[in-house]
$ cat input09.cif   # mmCIF, C-alpha atoms
data_coords
loop_
_atom_site.group_PDB
_atom_site.id
_atom_site.type_symbol
_atom_site.label_atom_id
_atom_site.label_comp_id
_atom_site.auth_asym_id
_atom_site.auth_seq_id
_atom_site.Cartn_x
_atom_site.Cartn_y
_atom_site.Cartn_z
ATOM 1 C CA MET A 282 -117.418 76.817 0.662
ATOM 2 C CA ASP A 283 -119.555 79.821 1.360
ATOM 3 C CA LEU A 284 -120.589 82.469 -1.124
ATOM 4 C CA ASP A 285 -118.170 85.080 0.239
ATOM 5 C CA VAL A 286 -115.185 82.784 -0.323
ATOM 6 C CA PHE A 287 -116.431 81.912 -3.827
ATOM 7 C CA TRP A 288 -116.626 85.592 -4.826
ATOM 8 C CA ALA A 289 -113.353 86.423 -3.059
ATOM 9 C CA LEU A 290 -111.570 83.784 -5.144
ATOM 10 C CA LEU A 291 -113.036 85.143 -8.380
ATOM 11 C CA ASP A 292 -112.165 88.727 -7.383
ATOM 12 C CA GLN A 293 -108.624 87.736 -6.415
ATOM 13 C CA SER A 294 -108.160 85.942 -9.738
ATOM 14 C CA ALA A 295 -109.182 89.153 -11.515
ATOM 15 C CA SER A 296 -106.693 91.117 -9.439
ATOM 16 C CA ALA A 297 -103.968 88.590 -10.254
ATOM 17 C CA SER A 298 -104.478 88.890 -14.028
ATOM 18 C CA SER A 299 -106.871 90.120 -16.680
ATOM 19 C CA ASP A 300 -105.874 87.210 -18.932
ATOM 20 C CA GLN A 301 -108.497 84.456 -18.735
ATOM 21 C CA HIS A 302 -106.000 81.625 -19.065
ATOM 22 C CA GLU A 303 -103.897 83.060 -16.245
ATOM 23 C CA ARG A 304 -107.032 83.530 -14.126
ATOM 24 C CA ARG A 305 -107.968 79.902 -14.746
ATOM 25 C CA VAL A 306 -104.497 78.717 -13.699
ATOM 26 C CA TRP A 307 -104.612 80.932 -10.605
ATOM 27 C CA LEU A 308 -108.074 79.694 -9.589
ATOM 28 C CA THR A 309 -107.192 76.060 -10.217
ATOM 29 C CA SER A 310 -104.029 76.254 -8.134
ATOM 30 C CA ARG A 311 -105.830 77.971 -5.225
ATOM 31 C CA LEU A 312 -108.771 75.586 -5.301
ATOM 32 C CA ALA A 313 -106.476 72.540 -5.394
ATOM 33 C CA LEU A 314 -105.114 73.612 -1.991
ATOM 34 C CA LEU A 315 -108.573 73.540 -0.408
ATOM 35 C CA PRO A 316 -110.401 70.536 1.065
ATOM 36 C CA PRO A 317 -112.308 68.488 -1.536
ATOM 37 C CA GLY A 318 -115.633 69.605 -0.056
ATOM 38 C CA ASP A 319 -114.752 73.223 -0.757
ATOM 39 C CA ILE A 320 -113.863 72.394 -4.358
ATOM 40 C CA CYS A 321 -117.272 70.710 -4.725
ATOM 41 C CA GLY A 322 -118.800 73.804 -3.138
ATOM 42 C CA PHE A 323 -117.097 76.053 -5.678
ATOM 43 C CA GLU A 324 -118.631 74.050 -8.542
ATOM 44 C CA THR A 325 -122.045 74.076 -6.879
ATOM 45 C CA LEU A 326 -121.914 77.855 -6.418
ATOM 46 C CA LEU A 327 -120.687 78.325 -9.994
ATOM 47 C CA SER A 328 -123.687 76.329 -11.259
ATOM 48 C CA ALA A 329 -126.056 78.351 -9.082
ATOM 49 C CA SER A 330 -124.508 81.616 -10.308
ATOM 50 C CA ARG A 331 -124.835 80.494 -13.899
ATOM 51 C CA GLY A 332 -128.492 79.649 -13.275
ATOM 52 C CA ARG A 333 -129.145 83.278 -12.364
ATOM 53 C CA VAL A 334 -128.333 84.356 -15.946
ATOM 54 C CA ASN A 335 -129.719 81.365 -17.831
ATOM 55 C CA THR A 336 -132.887 82.708 -19.414
ATOM 56 C CA PHE A 337 -133.777 83.262 -23.029
ATOM 57 C CA LEU A 338 -133.688 87.024 -22.405
ATOM 58 C CA HIS A 339 -130.124 86.715 -21.083
ATOM 59 C CA TRP A 340 -129.211 84.762 -24.201
ATOM 60 C CA HIS A 341 -130.770 87.496 -26.323
ATOM 61 C CA ALA A 342 -128.660 90.086 -24.484
ATOM 62 C CA ALA A 343 -125.518 88.040 -25.167
ATOM 63 C CA TYR A 344 -126.618 87.734 -28.793
ATOM 64 C CA VAL A 345 -126.905 91.521 -29.073
ATOM 65 C CA VAL A 346 -123.525 92.105 -27.395
ATOM 66 C CA CYS A 347 -121.842 89.535 -29.654
ATOM 67 C CA ASP A 348 -123.430 90.974 -32.803
ATOM 68 C CA GLY A 349 -125.431 87.825 -33.485
ATOM 69 C CA LEU A 350 -122.481 85.498 -33.014
ATOM 70 C CA CYS A 351 -123.681 83.755 -29.863
ATOM 71 C CA SER A 352 -124.671 80.118 -30.209
ATOM 72 C CA ALA A 353 -125.877 78.132 -27.187
ATOM 73 C CA ASP A 354 -122.280 76.985 -26.599
ATOM 74 C CA ARG A 355 -121.019 80.540 -26.712
ATOM 75 C CA PHE A 356 -123.830 81.653 -24.403
ATOM 76 C CA PHE A 357 -122.546 79.167 -21.806
ATOM 77 C CA GLU A 358 -119.118 80.813 -22.107
ATOM 78 C CA PHE A 359 -120.737 84.267 -21.983
ATOM 79 C CA GLN A 360 -122.375 83.318 -18.673
ATOM 80 C CA SER A 361 -118.925 82.430 -17.307
ATOM 81 C CA TRP A 362 -117.603 85.781 -18.502
ATOM 82 C CA VAL A 363 -120.411 87.633 -16.684
ATOM 83 C CA ILE A 364 -119.675 85.661 -13.503
ATOM 84 C CA GLY A 365 -116.006 86.525 -13.911
ATOM 85 C CA LEU A 366 -116.926 90.236 -13.832
ATOM 86 C CA GLY A 367 -117.911 89.831 -10.184
ATOM 87 C CA HIS A 368 -120.829 89.575 -7.815
ATOM 88 C CA GLU A 369 -122.218 93.085 -8.372
ATOM 89 C CA VAL A 370 -122.274 92.731 -12.159
ATOM 90 C CA LEU A 371 -123.860 89.285 -11.930
ATOM 91 C CA ALA A 372 -126.536 90.565 -9.560
ATOM 92 C CA SER A 373 -127.456 93.503 -11.792
ATOM 93 C CA VAL A 374 -127.467 91.425 -14.982
ATOM 94 C CA ALA A 375 -129.439 88.645 -13.276
ATOM 95 C CA ALA A 376 -132.087 91.194 -12.301
ATOM 96 C CA SER A 377 -132.156 92.776 -15.775
ATOM 97 C CA PRO A 378 -130.166 91.568 -18.783
ATOM 98 C CA ASP A 379 -130.414 95.118 -20.169
ATOM 99 C CA ALA A 380 -128.073 96.128 -17.310
ATOM 100 C CA LEU A 381 -125.241 94.856 -19.517
ATOM 101 C CA ALA A 382 -125.479 98.285 -21.171
ATOM 102 C CA GLY A 383 -123.978 99.775 -18.013
ATOM 103 C CA VAL A 384 -121.012 97.365 -17.800
ATOM 104 C CA PRO A 385 -117.845 99.236 -18.845
ATOM 105 C CA ALA A 386 -116.400 96.228 -20.692
ATOM 106 C CA VAL A 387 -119.600 95.847 -22.718
ATOM 107 C CA ARG A 388 -119.707 99.560 -23.516
ATOM 108 C CA THR A 389 -116.093 99.389 -24.745
ATOM 109 C CA LEU A 390 -116.754 96.308 -26.858
ATOM 110 C CA LEU A 391 -119.864 97.766 -28.461
ATOM 111 C CA ALA A 392 -118.144 101.082 -29.145
ATOM 112 C CA VAL A 393 -115.575 99.402 -31.409
ATOM 113 C CA GLY A 394 -117.816 96.662 -32.854
ATOM 114 C CA ALA A 395 -117.404 92.900 -32.909
ATOM 115 C CA GLN A 396 -115.574 92.979 -36.246
ATOM 116 C CA SER A 397 -112.675 94.757 -34.507
ATOM 117 C CA TRP A 398 -112.438 92.514 -31.433
ATOM 118 C CA PRO A 399 -109.291 90.438 -31.118
ATOM 119 C CA ASP A 400 -109.943 86.857 -30.023
ATOM 120 C CA ALA A 401 -108.968 87.649 -26.426
ATOM 121 C CA ALA A 402 -111.513 90.495 -26.202
ATOM 122 C CA TRP A 403 -114.620 88.400 -26.866
ATOM 123 C CA PRO A 404 -116.929 88.371 -23.837
ATOM 124 C CA LEU A 405 -116.541 84.625 -23.358
ATOM 125 C CA TRP A 406 -114.702 82.597 -20.708
ATOM 126 C CA GLU A 407 -114.513 78.982 -21.779
ATOM 127 C CA GLY A 408 -112.019 77.938 -19.098
ATOM 128 C CA LEU A 409 -114.005 78.793 -15.976
ATOM 129 C CA SER A 410 -116.210 75.725 -16.338
ATOM 130 C CA GLY A 411 -113.229 73.371 -15.953
ATOM 131 C CA VAL A 412 -111.530 74.984 -12.964
ATOM 132 C CA ALA A 413 -113.143 72.924 -10.197
ATOM 133 C CA ARG A 414 -112.790 69.641 -12.126
ATOM 134 C CA GLU A 415 -109.097 70.182 -12.682
ATOM 135 C CA ALA A 416 -108.512 71.345 -9.105
ATOM 136 C CA PHE A 417 -110.417 68.367 -7.673
ATOM 137 C CA PHE A 418 -108.373 65.945 -9.761
ATOM 138 C CA LEU A 419 -105.127 67.647 -8.721
ATOM 139 C CA ALA A 420 -106.138 67.488 -5.057
ATOM 140 C CA THR A 421 -107.587 63.979 -4.963
ATOM 141 C CA GLY A 422 -106.769 62.113 -8.180
ATOM 142 C CA ARG A 423 -110.514 61.508 -8.568
ATOM 143 C CA SER A 424 -113.367 62.809 -10.697
ATOM 144 C CA LEU A 425 -115.304 65.805 -9.455
ATOM 145 C CA ASP A 426 -118.406 64.635 -11.306
ATOM 146 C CA ASN A 427 -118.427 61.383 -9.305
ATOM 147 C CA ALA A 428 -118.081 63.294 -6.042
ATOM 148 C CA LEU A 429 -120.872 65.681 -7.021
ATOM 149 C CA ALA A 430 -123.122 62.769 -8.004
ATOM 150 C CA ILE A 431 -122.652 61.238 -4.547
ATOM 151 C CA LEU A 432 -123.684 64.600 -3.093
ATOM 152 C CA GLY A 433 -126.729 64.704 -5.377
ATOM 153 C CA HIS A 434 -125.528 67.644 -7.432
ATOM 154 C CA VAL A 435 -125.694 67.594 -11.216
ATOM 155 C CA PRO A 436 -123.207 70.120 -12.599
ATOM 156 C CA VAL A 437 -124.347 72.504 -15.297
ATOM 157 C CA THR A 438 -122.476 71.755 -18.513
ATOM 158 C CA ASP A 439 -124.364 73.862 -21.042
ATOM 159 C CA ALA A 440 -126.857 76.692 -21.366
ATOM 160 C CA GLY A 441 -130.582 76.035 -21.221
ATOM 161 C CA PRO A 442 -133.029 74.525 -21.254
ATOM 162 C CA PHE A 443 -135.099 77.673 -21.223
ATOM 163 C CA THR A 444 -138.616 77.758 -19.908
ATOM 164 C CA GLY A 445 -141.278 80.201 -20.989
ATOM 165 C CA GLU A 446 -141.472 82.364 -24.039
ATOM 166 C CA VAL A 447 -138.883 82.351 -26.830
ATOM 167 C CA TRP A 448 -138.661 84.698 -29.811
ATOM 168 C CA ASP A 449 -136.524 85.441 -32.862
ATOM 169 C CA LEU A 450 -133.075 86.503 -31.670
ATOM 170 C CA ASP A 451 -132.495 88.332 -34.970
ATOM 171 C CA SER A 452 -135.569 90.532 -34.573
ATOM 172 C CA PRO A 453 -134.649 94.208 -34.097
ATOM 173 C CA VAL A 454 -138.162 94.839 -32.767
ATOM 174 C CA GLU A 455 -137.719 92.211 -30.029
ATOM 175 C CA ALA A 456 -134.308 93.640 -29.138
ATOM 176 C CA ALA A 457 -135.634 97.208 -29.031
ATOM 177 C CA VAL A 458 -138.574 96.254 -26.816
ATOM 178 C CA ARG A 459 -136.871 93.754 -24.510
ATOM 179 C CA LEU A 460 -133.354 95.253 -24.296
ATOM 180 C CA PRO A 461 -133.753 98.960 -25.124
ATOM 181 C CA ARG A 462 -130.535 100.297 -23.574
ATOM 182 C CA LEU A 463 -128.384 97.498 -24.915
ATOM 183 C CA TRP A 464 -129.995 97.632 -28.343
ATOM 184 C CA GLU A 465 -129.421 101.386 -28.574
ATOM 185 C CA LEU A 466 -125.826 101.045 -27.391
ATOM 186 C CA SER A 467 -125.204 98.358 -30.028
ATOM 187 C CA GLY A 468 -126.181 100.817 -32.773
ATOM 188 C CA GLY A 469 -129.671 99.452 -33.251
ATOM 189 C CA LEU A 470 -131.264 102.892 -33.519
ATOM 190 C CA GLU A 471 -128.820 103.897 -36.245
ATOM 191 C CA GLU A 472 -129.590 100.722 -38.194
ATOM 192 C CA ALA A 473 -133.336 101.332 -37.922
ATOM 193 C CA ALA A 474 -133.051 104.936 -39.160
#

$ encode --input "input09.cif" --output "C-alpha cells"
Amino acid sequence: MDLDVFWALLDQSASASSDQHERRVWLTSRLALLPPGDICGFETLLSASRGRVNTFLHWHAAYVVCDGLCSADRFFEFQSWVIGLGHEVLASVAASPDALAGVPAVRTLLAVGAQSWPDAAWPLWEGLSGVAREAFFLATGRSLDNALAILGHVPVTDAGPFTGEVWDLDSPVEAAVRLPRLWELSGGLEEAA
C-alpha cells in the first residue's frame, strides 16, 4: 500500500461518516477487500504516521487541548484522532504541535471547554488502532501481528517512549513558552491574569 492510498482511505472514511465507529466499520470493510500485503501496509503506514506526532511536546499539546485529561493511553488515541483529520493536519501538527491552534475542530472544542464536551466530541479515536487487525483477520483468518512479525515490523501499540527533555505537563509557564497559540486559545492568558 502506498501513502496516497492510505490517505485516500482515511479521507473517504471521513466523507462516509463523521462518527468514529462508522468510520472504523467503513475502513475495516474496505481494507478486508484488499490483498493481505496492503492491509499490512496500512498498519505500517499508520504506525509511521503516529510516530510523526509521538513526542513529549505533542503529548503536552494534547494535554492542553484535553484540559489536563490526557493520560498516555489517551494520548495514543489523540494521535489516532489527529491522523483521522487528514494528511495536511498531520503534517502541520507534526512540524509544530502548536499548529493544533489552527485546527477548526480544536478551536471549536476549546471555545466550549472540556466540561461541556459530550463523549463523542472528545478528540480521541480509540478504534483506529484496531482497523487493520480486524480487516486482516476477516480477510485471512490469521493474526496481523504474526504477519507483521514475519515482515520485521513491530506495530505501535501505545504512546512513547519519549526521548529528550520532559517537563511538568501542568506548568502554565511551560505551556505558554512551548505552545503559545494553543495555550492562549485554551484560556491560559485569562487564567494567568

$ closest_residue --input "input09.cif" --among "A:Phe359, A:Phe443, A:Phe417, A:Phe287" --to "A:Leu314" --atoms "only C-alpha atoms"
A:Phe417

$ closest_residue --input "input09.cif" --among "A:Glu358, A:Asp283, A:Glu446, A:Glu324" --to "A:Gln301" --atoms "all atoms listed in the file"
A:Glu358

$ atom_distance --input "input09.cif" --atom1 "atom CA of A:Arg459" --atom2 "atom CA of A:Thr336"
12.8 Å

$ closest_residue --input "input09.cif" --among "A:Phe337, A:Trp307, A:Phe323, A:Tyr344" --to "A:Trp464" --atoms "only C-alpha atoms"
A:Tyr344

$ residues_around --input "input09.cif" --residues "A:Leu308" --least-positions-apart "2" --cutoff "8 Å" --atoms "all atoms listed in the file" --output "PyMOL selection string"
chain A and resi 290-291+294+304-306+310-312+412

$ residues_near_point --input "input09.cif" --point "(-125.9, 74.1, -23.4)" --cutoff "8 Å" --atoms "all atoms listed in the file" --output "list in words"
Ala353, Asp354, Phe356, Phe357, Thr438, Asp439, Ala440, Gly441 and Pro442 of chain A

$ atom_distance --input "input09.cif" --atom1 "atom CA of A:Val345" --atom2 "atom CA of A:Trp362"
15.2 Å

$ closest_residue --input "input09.cif" --among "A:Ser410, A:Ala382, A:Cys347, A:Trp288" --to "A:Val437" --atoms "only C-alpha atoms"
A:Ser410
